[in-house]
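> Structure incoming, see below.
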Amino acid sequence: MNLDLLFSSQRWNILEIIAKKPSSPLEISEKLNTSVAYVSQQLKLLEVAGIVIKEKTGFFEKGKPRNLYKISEDLIYISFLSEGESAKKSIHVDEFKKIIIRIWLIEDLQISRSIEKIFWMLEPSFKDLSGIYLDTSKGKNTLLILSDSKKVKQSAESLLKKIETPIEIKVDSKENFDFEKLSNYYFIYGTHLREQIIEKGGEEEK
């Protein structure tokens, strides 16, 4: 399967929409300002490749059940180039790999490396973590860890003594955290802003 061809700019735009929220061809065409026929054609290609799947809903359009398309499974597609080596590979992911990818996507390498180091030090207590977010507002870099575990709080305090890091670490209880503030944070693990919106029955801002 040639993912380079499947991930053309327009198909990628379609996938970005579906990744945020399962959508119908009509909804996608309106967001991309293109025809429903074109979007449907691209969705068929992505469906045959196994990247998206189709679900029928109870809502009807012109007498037929509405089809919603969503991502079939989490996927990482890596293009790697370095002197003397190159590789392209699709990787099926688990929660740990998704966390690491989100950390790697942080542009500031110093902050990214610090957070990755902190995460792996906290990995033994992963089951006690409710969320990990990076607050970059007001020129500061604070890693917010949501957990009700005293062990996690002690581990975080111990980390600050062991390693030099350009970021602060703050441990807070999930019960005390105001999830309305999620839009101010870079999401690494836990509850995503999108999940909060879906839970409340709303839509993301366009």
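Residue numbering restarts at 1 for every chain of the structure tokens, chains are lettered A, B, ... in their displayed order, and ligands are numbered from 1 as they appear.
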When you look at A:Ser90 with a cut-off of 8 Å (counting only C-alpha atoms), what residues show up, excluding the ones that are within fewer than 3 positions of it in the same chain? I need them as a PyMOL selection string.
chain A and resi 75-78
> Near stretch 101-108 of chain A, counting only C-alpha atoms, which residues have an atom at most 9 Å away, once you skip same-chain residues fewer than 5 positions from it, shown as a compact mmCIF listing (two decimals) with N, CA and C atoms, in the first residue's frame?

# COMPACT_ATOMS: atom_id res chain seq x y z
N ILE A 76 0.72 5.54 12.73
CA ILE A 76 1.83 6.47 12.55
C ILE A 76 2.54 6.11 11.26
N PHE A 96 1.26 4.32 24.70
CA PHE A 96 2.61 4.81 24.98
C PHE A 96 3.23 5.48 23.75
N ARG A 113 12.75 16.95 25.06
CA ARG A 113 13.61 15.94 25.68
C ARG A 113 13.38 15.85 27.19
N ILE A 115 10.57 16.55 28.81
CA ILE A 115 9.29 15.90 29.08
C ILE A 115 9.37 14.41 28.84
N GLU A 116 10.09 14.00 27.79
CA GLU A 116 10.22 12.56 27.53
C GLU A 116 10.96 11.87 28.68
N TYR A 186 -1.15 22.18 25.91
CA TYR A 186 -0.78 21.24 24.86
C TYR A 186 -1.05 19.84 25.41
N PHE A 187 -1.87 19.09 24.70
CA PHE A 187 -2.31 17.77 25.15
C PHE A 187 -1.23 16.72 24.92
N ILE A 188 -0.90 15.97 25.96
CA ILE A 188 0.04 14.86 25.85
C ILE A 188 -0.63 13.53 26.18
N TYR A 189 -1.40 13.52 27.27
CA TYR A 189 -2.10 12.29 27.66
C TYR A 189 -3.28 12.63 28.57
> Smallest atom-to-atom distance to A:Ser183: which of A:Asn13, A:Thr136, A:Gln110, A:Ser79, using only C-alpha atoms?
A:Thr136
> Quick one: DSSP alpha helix (DSSP H) residues in chain A, as a PyMOL selection string?
chain A and resi 3-6+9-20+25-32+36-48+95-104+109-122+150-162+193-199
> Output the selection as a tab-separated table (two decimals), in the first residue's frame - C-alpha atoms for each residue.

chain	number	residue	atom	x	y	z
A	3	LEU	CA	0.64	5.72	1.64
A	4	ASP	CA	2.46	8.58	-0.09
A	5	LEU	CA	-0.21	8.55	-2.80
A	6	LEU	CA	-3.06	8.07	-0.33
A	9	SER	CA	-2.82	17.08	0.37
A	10	GLN	CA	-6.57	16.91	-0.31
A	11	ARG	CA	-6.99	13.42	1.14
A	12	TRP	CA	-4.97	14.50	4.14
A	13	ASN	CA	-7.38	17.43	4.60
A	14	ILE	CA	-10.23	14.93	4.62
A	15	LEU	CA	-8.46	12.73	7.15
A	16	GLU	CA	-7.80	15.71	9.44
A	17	ILE	CA	-11.53	16.49	9.49
A	18	ILE	CA	-12.47	12.87	10.20
A	19	ALA	CA	-9.81	12.56	12.91
A	20	LYS	CA	-11.38	15.46	14.80
A	25	PRO	CA	-19.33	13.34	2.86
A	26	LEU	CA	-21.63	16.37	2.90
A	27	GLU	CA	-20.07	17.79	6.07
A	28	ILE	CA	-16.57	17.25	4.68
A	29	SER	CA	-17.41	18.81	1.29
A	30	GLU	CA	-18.79	21.92	3.01
A	31	LYS	CA	-15.64	22.35	5.09
A	32	LEU	CA	-13.36	21.86	2.06
A	36	VAL	CA	-19.82	15.69	-2.36
A	37	ALA	CA	-19.04	13.45	-5.35
A	38	TYR	CA	-15.32	14.27	-5.12
A	39	VAL	CA	-15.21	13.69	-1.36
A	40	SER	CA	-17.09	10.38	-1.72
A	41	GLN	CA	-14.58	9.21	-4.35
A	42	GLN	CA	-11.63	9.99	-2.07
A	43	LEU	CA	-13.33	8.32	0.90
A	44	LYS	CA	-13.82	5.13	-1.12
A	45	LEU	CA	-10.08	4.99	-1.83
A	46	LEU	CA	-9.28	5.52	1.84
A	47	GLU	CA	-11.86	2.91	2.83
A	48	VAL	CA	-10.43	0.28	0.45
A	95	GLU	CA	-1.10	4.58	24.12
A	96	PHE	CA	2.61	4.81	24.98
A	97	LYS	CA	3.65	5.41	21.37
A	98	LYS	CA	0.99	8.11	20.97
A	99	ILE	CA	2.30	9.89	24.04
A	100	ILE	CA	5.88	9.78	22.76
A	101	ILE	CA	4.84	11.08	19.32
A	102	ARG	CA	2.99	14.01	20.92
A	103	ILE	CA	6.11	14.80	22.95
A	104	TRP	CA	8.33	14.61	19.84
A	109	LEU	CA	13.88	20.18	21.56
A	110	GLN	CA	15.06	21.04	25.05
A	111	ILE	CA	11.51	20.98	26.39
A	112	SER	CA	10.62	17.89	24.36
A	113	ARG	CA	13.61	15.94	25.68
A	114	SER	CA	12.93	17.01	29.26
A	115	ILE	CA	9.29	15.90	29.08
A	116	GLU	CA	10.22	12.56	27.53
A	117	LYS	CA	12.77	11.95	30.27
A	118	ILE	CA	10.20	12.86	32.94
A	119	PHE	CA	7.55	10.64	31.36
A	120	TRP	CA	9.75	7.56	31.33
A	121	MET	CA	10.70	8.18	34.94
A	122	LEU	CA	7.00	8.29	35.80
A	150	LYS	CA	0.64	10.60	46.65
A	151	LYS	CA	3.26	8.33	45.10
A	152	VAL	CA	3.12	10.27	41.83
A	153	LYS	CA	3.46	13.59	43.65
A	154	GLN	CA	6.46	12.29	45.57
A	155	SER	CA	8.02	10.96	42.35
A	156	ALA	CA	7.56	14.33	40.65
A	157	GLU	CA	9.16	16.18	43.56
A	158	SER	CA	12.03	13.69	43.51
A	159	LEU	CA	12.53	14.25	39.76
A	160	LEU	CA	13.04	17.96	40.25
A	161	LYS	CA	15.93	17.19	42.58
A	162	LYS	CA	17.50	14.61	40.26
A	193	LEU	CA	-10.31	19.00	24.61
A	194	ARG	CA	-12.14	17.22	21.77
A	195	GLU	CA	-13.44	14.60	24.21
A	196	GLN	CA	-14.78	17.33	26.48
A	197	ILE	CA	-16.61	18.94	23.54
A	198	ILE	CA	-18.12	15.63	22.42
A	199	GLU	CA	-19.14	14.78	26.00
> Leaving out A:Ser130 and any residue of its chain fewer than 5 positions from it, which residues lie within 9 Å of it when counting only C-alpha atoms, given as an MDAnalysis selection string?
chainID A and resid 145:148 173:174 189:191
> Apply DSSP to the backbone of this structure and, from stretch 7-148 of chain A, keep only the residues in strand (DSSP E or B); write these as JSON, numbers by chain.
{"A": [23, 52, 53, 54, 55, 56, 57, 58, 59, 60, 61, 64, 65, 66, 67, 68, 69, 70, 71, 75, 76, 77, 78, 79, 80, 81, 82, 85, 86, 87, 88, 89, 90, 91, 92, 131, 132, 133, 134, 135, 142, 143, 144, 145, 146]}
> Which is closest to A:Ile169 among A:Ser72, A:Asn184, A:Thr142, A:Ser149, if we use only C-alpha atoms?
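Residue with the minimum atom-to-atom distance to A:Ile169: A:Thr142.
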> Between atom CA of A:Ile71 and atom CA of A:Val93, measure the distance and give it in Å to one decimal.
13.4 Å
> Show me, as a list in words, the residues that have an atom within 7 Å of stretch 49-58 of chain A when counting only C-alpha atoms, minus same-chain residues fewer than 6 positions from it.
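Residues near the query, excluding close chain neighbours: Pro65, Arg66, Asn67, Leu68, Tyr69, Lys70, Ile71 and Ser72 of chain A.
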